[in-house]
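Have a look at structure_9.pdb; it's PDB, C-alpha atoms and all ligand atoms:
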MODEL        1
ATOM      1  CA  MET A   1     106.494  16.710  34.873
ATOM      2  CA  ALA A   2     104.444  14.155  32.948
ATOM      3  CA  GLY A   3     101.601  14.003  35.485
ATOM      4  CA  ASP A   4     101.302  17.796  35.596
ATOM      5  CA  GLY A   5     101.239  17.981  31.794
ATOM      6  CA  LEU A   6     104.445  20.007  31.674
ATOM      7  CA  SER A   7     106.293  17.623  29.369
ATOM      8  CA  ASP A   8     105.409  14.815  27.068
ATOM      9  CA  GLY A   9     107.327  11.533  26.818
ATOM     10  CA  MET A  10     111.018  12.184  27.326
ATOM     11  CA  SER A  11     110.976  15.955  26.738
ATOM     12  CA  GLY A  12     112.068  18.523  29.312
ATOM     13  CA  ASN A  13     114.645  18.181  32.070
ATOM     14  CA  LEU A  14     115.411  19.180  35.658
ATOM     15  CA  SER A  15     118.643  19.921  37.494
ATOM     16  CA  ILE A  16     119.860  20.968  40.929
ATOM     17  CA  ARG A  17     123.101  22.767  41.752
ATOM     18  CA  LEU A  18     124.966  21.444  44.784
ATOM     19  CA  PRO A  19     128.154  23.029  46.207
ATOM     20  CA  ASP A  20     130.512  21.355  43.735
ATOM     21  CA  MET A  21     128.329  19.422  41.333
ATOM     22  CA  ILE A  22     125.197  19.503  39.203
ATOM     23  CA  VAL A  23     122.591  16.755  39.393
ATOM     24  CA  ILE A  24     120.534  16.452  36.195
ATOM     25  CA  THR A  25     117.924  14.196  34.614
ATOM     26  CA  PRO A  26     119.231  11.793  31.949
ATOM     27  CA  SER A  27     118.799  11.928  28.188
ATOM     28  CA  GLY A  28     116.374   9.476  26.596
ATOM     29  CA  VAL A  29     114.664   8.007  29.672
ATOM     30  CA  PRO A  30     110.847   8.370  29.966
ATOM     31  CA  TYR A  31     109.697   9.884  33.271
ATOM     32  CA  ASP A  32     107.558   6.921  34.212
ATOM     33  CA  ALA A  33     110.581   4.618  33.873
ATOM     34  CA  MET A  34     113.121   6.926  35.572
ATOM     35  CA  THR A  35     114.676   5.830  38.874
ATOM     36  CA  PRO A  36     117.196   7.570  41.166
ATOM     37  CA  ALA A  37     119.956   5.448  39.576
ATOM     38  CA  ASP A  38     119.255   7.144  36.209
ATOM     39  CA  ILE A  39     120.009  10.655  37.533
ATOM     40  CA  VAL A  40     123.378  11.936  36.322
ATOM     41  CA  VAL A  41     125.942  13.757  38.471
ATOM     42  CA  ILE A  42     128.295  16.095  36.608
ATOM     43  CA  SER A  43     130.889  18.665  37.675
ATOM     44  CA  GLN A  44     130.122  22.409  37.542
ATOM     45  CA  ASP A  45     131.953  22.746  34.202
ATOM     46  CA  GLY A  46     129.861  19.967  32.656
ATOM     47  CA  THR A  47     132.457  17.199  32.707
ATOM     48  CA  LEU A  48     131.516  13.717  33.838
ATOM     49  CA  PRO A  49     133.640  12.247  36.607
ATOM     50  CA  GLY A  50     133.796   8.470  36.249
ATOM     51  CA  ALA A  51     131.696   6.075  34.223
ATOM     52  CA  LYS A  52     127.983   6.789  33.937
ATOM     53  CA  ARG A  53     124.980   4.595  33.555
ATOM     54  CA  ARG A  54     123.200   7.356  31.607
ATOM     55  CA  ARG A  55     124.075  10.341  29.444
ATOM     56  CA  PRO A  56     123.091  13.730  30.953
ATOM     57  CA  SER A  57     120.250  15.718  29.364
ATOM     58  CA  THR A  58     121.007  17.144  25.909
ATOM     59  CA  GLU A  59     120.125  20.554  27.399
ATOM     60  CA  THR A  60     122.979  20.389  29.926
ATOM     61  CA  PRO A  61     124.764  23.402  28.285
ATOM     62  CA  MET A  62     121.633  25.529  28.866
ATOM     63  CA  HIS A  63     121.350  24.472  32.525
ATOM     64  CA  LEU A  64     125.055  25.230  33.107
ATOM     65  CA  ALA A  65     124.736  28.628  31.392
ATOM     66  CA  VAL A  66     121.840  29.598  33.692
ATOM     67  CA  TYR A  67     123.784  28.604  36.831
ATOM     68  CA  HIS A  68     126.779  30.558  35.584
ATOM     69  CA  ALA A  69     124.761  33.689  34.703
ATOM     70  CA  CYS A  70     122.179  33.820  37.516
ATOM     71  CA  GLY A  71     124.365  33.193  40.591
ATOM     72  CA  PRO A  72     123.105  31.822  43.924
ATOM     73  CA  ALA A  73     119.440  32.644  43.137
ATOM     74  CA  ALA A  74     119.592  29.714  40.724
ATOM     75  CA  GLY A  75     119.800  26.566  42.832
ATOM     76  CA  ALA A  76     117.678  24.528  40.438
ATOM     77  CA  VAL A  77     116.484  24.728  36.819
ATOM     78  CA  ALA A  78     113.342  23.318  35.192
ATOM     79  CA  HIS A  79     112.951  23.028  31.416
ATOM     80  CA  THR A  80     109.525  22.004  30.097
ATOM     81  CA  HIS A  81     107.612  21.623  26.832
ATOM     82  CA  SER A  82     104.248  22.573  28.357
ATOM     83  CA  PRO A  83     101.598  23.033  25.637
ATOM     84  CA  TYR A  84     100.246  26.559  26.246
ATOM     85  CA  VAL A  85     103.786  27.893  26.608
ATOM     86  CA  VAL A  86     104.870  26.159  23.391
ATOM     87  CA  ALA A  87     101.815  27.492  21.544
ATOM     88  CA  LEU A  88     102.620  31.013  22.733
ATOM     89  CA  SER A  89     106.296  30.529  21.801
ATOM     90  CA  ALA A  90     105.195  30.038  18.190
ATOM     91  CA  THR A  91     102.964  33.115  18.004
ATOM     92  CA  SER A  92     104.188  35.882  20.338
ATOM     93  CA  ASP A  93     107.250  37.833  21.453
ATOM     94  CA  ALA A  94     106.265  37.856  25.134
ATOM     95  CA  LEU A  95     103.709  36.599  27.641
ATOM     96  CA  PRO A  96     101.982  39.774  28.868
ATOM     97  CA  ALA A  97     101.060  40.318  32.528
ATOM     98  CA  VAL A  98      97.416  39.234  32.498
ATOM     99  CA  HIS A  99      97.500  38.265  36.189
ATOM    100  CA  TYR A 100      99.417  39.505  39.222
ATOM    101  CA  ALA A 101     101.052  36.054  39.684
ATOM    102  CA  MET A 102     103.410  37.237  36.947
ATOM    103  CA  ALA A 103     105.173  39.345  39.591
ATOM    104  CA  GLY A 104     106.581  36.074  40.994
ATOM    105  CA  LEU A 105     108.451  35.547  37.714
ATOM    106  CA  GLY A 106     109.869  39.084  37.651
ATOM    107  CA  GLY A 107     107.439  40.522  35.071
ATOM    108  CA  PRO A 108     106.182  39.765  31.544
ATOM    109  CA  VAL A 109     108.107  36.736  30.254
ATOM    110  CA  ARG A 110     110.113  37.128  27.044
ATOM    111  CA  VAL A 111     110.000  34.729  24.098
ATOM    112  CA  THR A 112     113.489  34.238  22.642
ATOM    113  CA  PRO A 113     114.182  33.697  18.926
ATOM    114  CA  TYR A 114     114.358  30.017  17.931
ATOM    115  CA  ALA A 115     117.606  28.094  18.254
ATOM    116  CA  ARG A 116     118.137  24.326  17.903
ATOM    117  CA  PHE A 117     117.955  22.162  21.045
ATOM    118  CA  GLY A 118     121.213  21.412  22.824
ATOM    119  CA  THR A 119     123.161  24.295  21.241
ATOM    120  CA  ALA A 120     125.260  27.048  22.829
ATOM    121  CA  GLU A 121     123.103  29.487  20.851
ATOM    122  CA  LEU A 122     119.977  28.256  22.661
ATOM    123  CA  ALA A 123     121.785  28.560  26.020
ATOM    124  CA  ASP A 124     122.885  32.137  25.200
ATOM    125  CA  ARG A 125     119.390  33.148  24.137
ATOM    126  CA  ALA A 126     117.849  31.643  27.267
ATOM    127  CA  VAL A 127     120.266  33.567  29.503
ATOM    128  CA  ALA A 128     119.642  36.830  27.627
ATOM    129  CA  GLY A 129     115.881  36.339  27.897
ATOM    130  CA  LEU A 130     116.125  35.749  31.655
ATOM    131  CA  ALA A 131     117.465  39.249  32.450
ATOM    132  CA  GLY A 132     115.470  40.413  35.492
ATOM    133  CA  ARG A 133     113.221  37.324  35.287
ATOM    134  CA  SER A 134     113.183  33.800  36.710
ATOM    135  CA  ALA A 135     111.416  32.463  33.598
ATOM    136  CA  VAL A 136     111.928  32.594  29.848
ATOM    137  CA  ILE A 137     110.045  31.111  26.895
ATOM    138  CA  LEU A 138     112.234  29.527  24.201
ATOM    139  CA  GLY A 139     110.949  30.240  20.687
ATOM    140  CA  ASN A 140     109.139  27.264  19.075
ATOM    141  CA  HIS A 141     110.447  25.056  21.864
ATOM    142  CA  GLY A 142     109.376  25.403  25.517
ATOM    143  CA  ALA A 143     110.093  27.104  28.825
ATOM    144  CA  LEU A 144     112.908  27.484  31.324
ATOM    145  CA  THR A 145     112.480  28.567  34.934
ATOM    146  CA  TYR A 146     114.906  28.663  37.821
ATOM    147  CA  GLY A 147     114.567  28.987  41.583
ATOM    148  CA  ALA A 148     116.558  28.782  44.795
ATOM    149  CA  THR A 149     115.258  25.238  45.240
ATOM    150  CA  LEU A 150     113.897  22.565  42.904
ATOM    151  CA  SER A 151     110.372  23.076  44.271
ATOM    152  CA  GLN A 152     110.584  26.816  43.573
ATOM    153  CA  ALA A 153     111.892  26.256  40.021
ATOM    154  CA  TYR A 154     109.171  23.665  39.422
ATOM    155  CA  ASP A 155     106.382  25.804  40.914
ATOM    156  CA  ARG A 156     107.443  28.607  38.589
ATOM    157  CA  ALA A 157     107.214  26.250  35.589
ATOM    158  CA  ARG A 158     103.663  25.396  36.635
ATOM    159  CA  THR A 159     102.791  29.062  37.202
ATOM    160  CA  LEU A 160     104.198  29.966  33.790
ATOM    161  CA  GLU A 161     102.084  27.324  32.060
ATOM    162  CA  TRP A 162      98.999  28.463  33.995
ATOM    163  CA  LEU A 163      99.645  32.083  32.993
ATOM    164  CA  ALA A 164     100.080  31.115  29.334
ATOM    165  CA  ARG A 165      96.788  29.220  29.500
ATOM    166  CA  VAL A 166      94.963  32.130  31.151
ATOM    167  CA  TYR A 167      96.360  34.498  28.531
ATOM    168  CA  TRP A 168      95.147  32.202  25.736
ATOM    169  CA  LEU A 169      91.663  32.040  27.296
ATOM    170  CA  ALA A 170      91.573  35.812  27.768
ATOM    171  CA  ALA A 171      92.621  36.373  24.150
ATOM    172  CA  GLN A 172      89.673  34.201  22.991
ATOM    173  CA  ALA A 173      87.279  36.463  24.862
ATOM    174  CA  GLY A 174      88.675  39.807  23.745
ATOM    175  CA  GLN A 175      91.689  42.078  24.005
ATOM    176  CA  PRO A 176      93.312  41.205  27.378
ATOM    177  CA  ARG A 177      94.018  44.109  29.731
ATOM    178  CA  THR A 178      97.493  43.822  31.215
ATOM    179  CA  LEU A 179      99.080  45.032  34.438
ATOM    180  CA  THR A 180     101.688  47.786  34.382
ATOM    181  CA  GLU A 181     105.252  47.437  35.641
ATOM    182  CA  GLU A 182     104.252  49.647  38.599
ATOM    183  CA  GLN A 183     101.351  47.360  39.514
ATOM    184  CA  LEU A 184     103.615  44.312  39.347
ATOM    185  CA  THR A 185     106.248  46.023  41.520
ATOM    186  CA  GLU A 186     103.532  46.814  44.057
ATOM    187  CA  VAL A 187     102.563  43.113  44.126
ATOM    188  CA  ALA A 188     106.193  42.044  44.537
ATOM    189  CA  ASP A 189     106.639  44.519  47.434
ATOM    190  CA  ALA A 190     103.433  43.386  49.173
ATOM    191  CA  THR A 191     104.418  39.731  48.737
ATOM    192  CA  ARG A 192     107.838  40.351  50.234
ATOM    193  CA  GLU A 193     106.253  42.183  53.167
ATOM    194  CA  LEU A 194     103.967  39.243  53.872
ATOM    195  CA  ARG A 195     106.939  36.878  53.513
ATOM    196  CA  TYR A 196     105.054  34.802  50.993
ATOM    197  CA  GLY A 197     108.072  35.062  48.727
ATOM    198  CA  GLU A 198     111.150  32.892  49.075
ATOM    199  CA  GLU A 199     113.573  35.541  47.861
TER     200      GLU A 199
HETATM  201 ZN    ZN A 201     113.477  21.125  25.245
ENDMDL
END
Mind turning the file's structure into structure tokens?
Amino acid sequence: MAGDGLSDGMSGNLSIRLPDMIVITPSGVPYDAMTPADIVVISQDGTLPGAKRRRPSTETPMHLAVYHACGPAAGAVAHTHSPYVVALSATSDALPAVHYAMAGLGGPVRVTPYARFGTAELADRAVAGLAGRSAVILGNHGALTYGATLSQAYDRARTLEWLARVYWLAAQAGQPRTLTEEQLTEVADATRELRYGEE
């Protein structure tokens, strides 16, 4: 997360859903100091069985809400504060489809209205913004992506940041042309046919 420029300092968090538990990064531990012993195991309803060395991420309610709403397609969740996404979250209502890679996220990514970190309101807005998508941009905050596996969720976070950066560059040069829903569907179909997708 830190090395890829997706989060700064202690911001952002990652989780994985296992059959009867959630494994999530801790609150308040910098990535470069984090060890496996710092990772927190919680039950599916968010309770903490037994004593813990660390507190779970403050965004645990948002992770749990995504698992609850998105079903088995959500096996892992990545939440980042990547800079181009955050910049876009402060200026736009959506990230338009400037490149066909957007098909891998389900289409143009919505920007939700701002809500304070760690709140049920933020979790609700993230879930609403994810409808038909595997990515959402949280207003004046960051991004959330999910995937069947942690690597898929993480790759989507990187793709989302790349797309936000490309969009910013395109907007400097002129009025970006965007792909239609039909063109994105065609890409998704072709990808599935080639079995590049993991869906
Ligand atoms: Zn955050």
Sort by chain and increasing residue number a table of all residues of chain A within 12 Å of ligand ZN 201 (chain A), each with its closest pair of atoms and their distance in Å to one decimal, counting all atoms listed in the file, and write it as JSON lines.
{"residue": "A:Leu6", "atom": "CA", "partner": "A:ZN201", "partner_atom": "ZN", "distance": 11.1}
{"residue": "A:Ser7", "atom": "CA", "partner": "A:ZN201", "partner_atom": "ZN", "distance": 9.0}
{"residue": "A:Asp8", "atom": "CA", "partner": "A:ZN201", "partner_atom": "ZN", "distance": 10.4}
{"residue": "A:Gly9", "atom": "CA", "partner": "A:ZN201", "partner_atom": "ZN", "distance": 11.5}
{"residue": "A:Met10", "atom": "CA", "partner": "A:ZN201", "partner_atom": "ZN", "distance": 9.5}
{"residue": "A:Ser11", "atom": "CA", "partner": "A:ZN201", "partner_atom": "ZN", "distance": 5.9}
{"residue": "A:Gly12", "atom": "CA", "partner": "A:ZN201", "partner_atom": "ZN", "distance": 5.0}
{"residue": "A:Asn13", "atom": "CA", "partner": "A:ZN201", "partner_atom": "ZN", "distance": 7.5}
{"residue": "A:Leu14", "atom": "CA", "partner": "A:ZN201", "partner_atom": "ZN", "distance": 10.8}
{"residue": "A:Ser27", "atom": "CA", "partner": "A:ZN201", "partner_atom": "ZN", "distance": 11.0}
{"residue": "A:Ser57", "atom": "CA", "partner": "A:ZN201", "partner_atom": "ZN", "distance": 9.6}
{"residue": "A:Thr58", "atom": "CA", "partner": "A:ZN201", "partner_atom": "ZN", "distance": 8.5}
{"residue": "A:Glu59", "atom": "CA", "partner": "A:ZN201", "partner_atom": "ZN", "distance": 7.0}
{"residue": "A:Thr60", "atom": "CA", "partner": "A:ZN201", "partner_atom": "ZN", "distance": 10.6}
{"residue": "A:Pro61", "atom": "CA", "partner": "A:ZN201", "partner_atom": "ZN", "distance": 11.9}
{"residue": "A:Met62", "atom": "CA", "partner": "A:ZN201", "partner_atom": "ZN", "distance": 10.0}
{"residue": "A:His63", "atom": "CA", "partner": "A:ZN201", "partner_atom": "ZN", "distance": 11.2}
{"residue": "A:Ala78", "atom": "CA", "partner": "A:ZN201", "partner_atom": "ZN", "distance": 10.2}
{"residue": "A:His79", "atom": "CA", "partner": "A:ZN201", "partner_atom": "ZN", "distance": 6.5}
{"residue": "A:Thr80", "atom": "CA", "partner": "A:ZN201", "partner_atom": "ZN", "distance": 6.3}
{"residue": "A:His81", "atom": "CA", "partner": "A:ZN201", "partner_atom": "ZN", "distance": 6.1}
{"residue": "A:Ser82", "atom": "CA", "partner": "A:ZN201", "partner_atom": "ZN", "distance": 9.8}
{"residue": "A:Val85", "atom": "CA", "partner": "A:ZN201", "partner_atom": "ZN", "distance": 11.9}
{"residue": "A:Val86", "atom": "CA", "partner": "A:ZN201", "partner_atom": "ZN", "distance": 10.1}
{"residue": "A:Tyr114", "atom": "CA", "partner": "A:ZN201", "partner_atom": "ZN", "distance": 11.5}
{"residue": "A:Ala115", "atom": "CA", "partner": "A:ZN201", "partner_atom": "ZN", "distance": 10.7}
{"residue": "A:Arg116", "atom": "CA", "partner": "A:ZN201", "partner_atom": "ZN", "distance": 9.3}
{"residue": "A:Phe117", "atom": "CA", "partner": "A:ZN201", "partner_atom": "ZN", "distance": 6.2}
{"residue": "A:Gly118", "atom": "CA", "partner": "A:ZN201", "partner_atom": "ZN", "distance": 8.1}
{"residue": "A:Thr119", "atom": "CA", "partner": "A:ZN201", "partner_atom": "ZN", "distance": 10.9}
{"residue": "A:Leu122", "atom": "CA", "partner": "A:ZN201", "partner_atom": "ZN", "distance": 10.0}
{"residue": "A:Ala123", "atom": "CA", "partner": "A:ZN201", "partner_atom": "ZN", "distance": 11.2}
{"residue": "A:Ala126", "atom": "CA", "partner": "A:ZN201", "partner_atom": "ZN", "distance": 11.6}
{"residue": "A:Ile137", "atom": "CA", "partner": "A:ZN201", "partner_atom": "ZN", "distance": 10.7}
{"residue": "A:Leu138", "atom": "CA", "partner": "A:ZN201", "partner_atom": "ZN", "distance": 8.6}
{"residue": "A:Gly139", "atom": "CA", "partner": "A:ZN201", "partner_atom": "ZN", "distance": 10.5}
{"residue": "A:Asn140", "atom": "CA", "partner": "A:ZN201", "partner_atom": "ZN", "distance": 9.7}
{"residue": "A:His141", "atom": "CA", "partner": "A:ZN201", "partner_atom": "ZN", "distance": 6.0}
{"residue": "A:Gly142", "atom": "CA", "partner": "A:ZN201", "partner_atom": "ZN", "distance": 5.9}
{"residue": "A:Ala143", "atom": "CA", "partner": "A:ZN201", "partner_atom": "ZN", "distance": 7.7}
{"residue": "A:Leu144", "atom": "CA", "partner": "A:ZN201", "partner_atom": "ZN", "distance": 8.8}
Between CA of Ala94 in chain A and CA of Gly174 in chain A - distance in Å to one decimal: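 If I compute the distance from CA of Gly174 in chain A to CA of Ala94 in chain A, I get 17.8 Å.
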Explicit residues for the PyMOL selection byres (((chain A and resi 181-197) around 12) and not hetatm) (as a list in words):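 Selected by the PyMOL selection byres (((chain A and resi 181-197) around 12) and not hetatm) in this file: Pro96, Ala97, Val98, His99, Tyr100, Ala101, Met102, Ala103, Gly104, Leu105, Gly106, Gly107, Pro108, Gly147, Ala148, Gln152, Thr178, Leu179, Thr180, Glu198 and Glu199 of chain A.
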Nearest residue to Arg158 in chain A from the set A:Met1, A:Gln175, A:Val29, A:Arg17 (distances using all atoms listed in the file): A:Met1
Nearest to Ala153 in chain A by atom-to-atom distance, counting only C-alpha atoms, from A:Val77, A:Pro72, A:Ala87, A:Asp45: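 Residue with the minimum atom-to-atom distance to Ala153 in chain A: A:Val77.
CA of Ala157 in chain A lies 5.8 Å from CA of Thr145 in chain A.
Between CA of Gly129 in chain A and CA of Arg165 in chain A the interatomic distance comes to 20.4 Å.
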Selected residue, from A:Leu48, A:Ala76, A:Leu95, A:Ile39, that lies nearest to Leu18 in chain A when counting all atoms listed in the file: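 Closest to Leu18 in chain A of all the choices is A:Ala76.
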Residue neighbourhood Ala131 in chain A, 12 Å, all atoms listed in the file, exclusion window fewer than 3 positions, as JSON, numbers by chain: {"A": [66, 69, 70, 105, 106, 107, 108, 109, 110, 112, 124, 125, 126, 127, 128, 134, 135, 136]}
Would you list the residues near (130.3, 18.1, 33.1) (no more than 10 Å away, in the coordinates of the file, using only C-alpha atoms) as a PDB file with C-alpha atoms, in the coordinates of the input?
ATOM      1  CA  MET A  21     128.329  19.422  41.333  1.00  0.00           C
ATOM      2  CA  ILE A  22     125.197  19.503  39.203  1.00  0.00           C
ATOM      3  CA  VAL A  40     123.378  11.936  36.322  1.00  0.00           C
ATOM      4  CA  VAL A  41     125.942  13.757  38.471  1.00  0.00           C
ATOM      5  CA  ILE A  42     128.295  16.095  36.608  1.00  0.00           C
ATOM      6  CA  SER A  43     130.889  18.665  37.675  1.00  0.00           C
ATOM      7  CA  GLN A  44     130.122  22.409  37.542  1.00  0.00           C
ATOM      8  CA  ASP A  45     131.953  22.746  34.202  1.00  0.00           C
ATOM      9  CA  GLY A  46     129.861  19.967  32.656  1.00  0.00           C
ATOM     10  CA  THR A  47     132.457  17.199  32.707  1.00  0.00           C
ATOM     11  CA  LEU A  48     131.516  13.717  33.838  1.00  0.00           C
ATOM     12  CA  PRO A  49     133.640  12.247  36.607  1.00  0.00           C
ATOM     13  CA  PRO A  56     123.091  13.730  30.953  1.00  0.00           C
ATOM     14  CA  THR A  60     122.979  20.389  29.926  1.00  0.00           C
ATOM     15  CA  PRO A  61     124.764  23.402  28.285  1.00  0.00           C
ATOM     16  CA  LEU A  64     125.055  25.230  33.107  1.00  0.00           C
TER      17      LEU A  64
END
Matched chain/residue IDs from the PyMOL selection byres (((chain A and resi 38) around 8) and not hetatm), as a PyMOL selection string: chain A and resi 25-26+34-37+39-40+53-54
Selected residue, from A:Leu130, A:Ala73, A:Ala33, A:Leu88, that lies nearest to Ala171 in chain A when counting only C-alpha atoms: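 Between A:Leu130, A:Ala73, A:Ala33, A:Leu88, the residue approaching Ala171 in chain A most closely is A:Leu88.
Comparing the minimum interatomic distances between Arg133 in chain A and each of A:Leu150, A:Ser15, A:Trp168, A:Leu160, counting only C-alpha atoms, we find that A:Leu160 sits nearest.
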Mind filling out range 49-78 of chain A with N, CA and C atoms and sending it as a compact mmCIF listing (two decimals), keeping the file's coordinate frame?
# COMPACT_ATOMS: atom_id res chain seq x y z
N PRO A 49 132.64 13.04 35.90
CA PRO A 49 133.64 12.25 36.61
C PRO A 49 133.21 10.78 36.66
N GLY A 50 134.07 9.91 36.17
CA GLY A 50 133.80 8.47 36.25
C GLY A 50 132.82 7.98 35.20
N ALA A 51 132.61 6.69 35.19
CA ALA A 51 131.70 6.08 34.22
C ALA A 51 130.26 6.34 34.64
N LYS A 52 129.38 6.49 33.65
CA LYS A 52 127.98 6.79 33.94
C LYS A 52 127.06 5.75 33.33
N ARG A 53 126.02 5.50 34.05
CA ARG A 53 124.98 4.60 33.56
C ARG A 53 124.18 5.27 32.45
N ARG A 54 124.00 6.60 32.58
CA ARG A 54 123.20 7.36 31.61
C ARG A 54 123.96 8.58 31.11
N ARG A 55 123.55 9.07 29.94
CA ARG A 55 124.08 10.34 29.44
C ARG A 55 123.25 11.47 30.07
N PRO A 56 123.87 12.62 30.40
CA PRO A 56 123.09 13.73 30.95
C PRO A 56 122.19 14.32 29.86
N SER A 57 121.17 15.05 30.28
CA SER A 57 120.25 15.72 29.36
C SER A 57 120.99 16.43 28.24
N THR A 58 120.40 16.42 27.03
CA THR A 58 121.01 17.14 25.91
C THR A 58 121.01 18.65 26.15
N GLU A 59 120.16 19.12 27.09
CA GLU A 59 120.12 20.55 27.40
C GLU A 59 121.07 20.94 28.55
N THR A 60 122.03 20.07 28.86
CA THR A 60 122.98 20.39 29.93
C THR A 60 123.68 21.74 29.70
N PRO A 61 124.11 22.09 28.46
CA PRO A 61 124.76 23.40 28.28
C PRO A 61 123.87 24.57 28.72
N MET A 62 122.55 24.44 28.48
CA MET A 62 121.63 25.53 28.87
C MET A 62 121.51 25.60 30.40
N HIS A 63 121.42 24.48 31.05
CA HIS A 63 121.35 24.47 32.52
C HIS A 63 122.62 25.11 33.10
N LEU A 64 123.78 24.70 32.59
CA LEU A 64 125.06 25.23 33.11
C LEU A 64 125.15 26.74 32.88
N ALA A 65 124.67 27.20 31.71
CA ALA A 65 124.74 28.63 31.39
C ALA A 65 123.88 29.43 32.37
N VAL A 66 122.72 28.89 32.75
CA VAL A 66 121.84 29.60 33.69
C VAL A 66 122.50 29.67 35.07
N TYR A 67 123.09 28.57 35.53
CA TYR A 67 123.78 28.60 36.83
C TYR A 67 124.92 29.62 36.81
N HIS A 68 125.64 29.65 35.70
CA HIS A 68 126.78 30.56 35.58
C HIS A 68 126.31 32.02 35.60
N ALA A 69 125.21 32.30 34.88
CA ALA A 69 124.76 33.69 34.70
C ALA A 69 123.93 34.21 35.88
N CYS A 70 123.17 33.34 36.55
CA CYS A 70 122.18 33.82 37.52
C CYS A 70 122.63 33.74 38.97
N GLY A 71 123.82 33.19 39.23
CA GLY A 71 124.36 33.19 40.59
C GLY A 71 123.56 32.34 41.57
N PRO A 72 123.69 32.67 42.88
CA PRO A 72 123.10 31.82 43.92
C PRO A 72 121.58 31.74 43.88
N ALA A 73 120.90 32.71 43.24
CA ALA A 73 119.44 32.64 43.14
C ALA A 73 119.00 31.43 42.34
N ALA A 74 119.90 30.91 41.52
CA ALA A 74 119.59 29.71 40.72
C ALA A 74 120.20 28.49 41.40
N GLY A 75 119.37 27.80 42.18
CA GLY A 75 119.80 26.57 42.83
C GLY A 75 119.24 25.35 42.11
N ALA A 76 118.28 25.61 41.21
CA ALA A 76 117.68 24.53 40.44
C ALA A 76 117.07 25.11 39.17
N VAL A 77 117.00 24.29 38.12
CA VAL A 77 116.48 24.73 36.82
C VAL A 77 115.47 23.69 36.32
N ALA A 78 114.35 24.20 35.80
CA ALA A 78 113.34 23.32 35.19
C ALA A 78 113.15 23.74 33.74
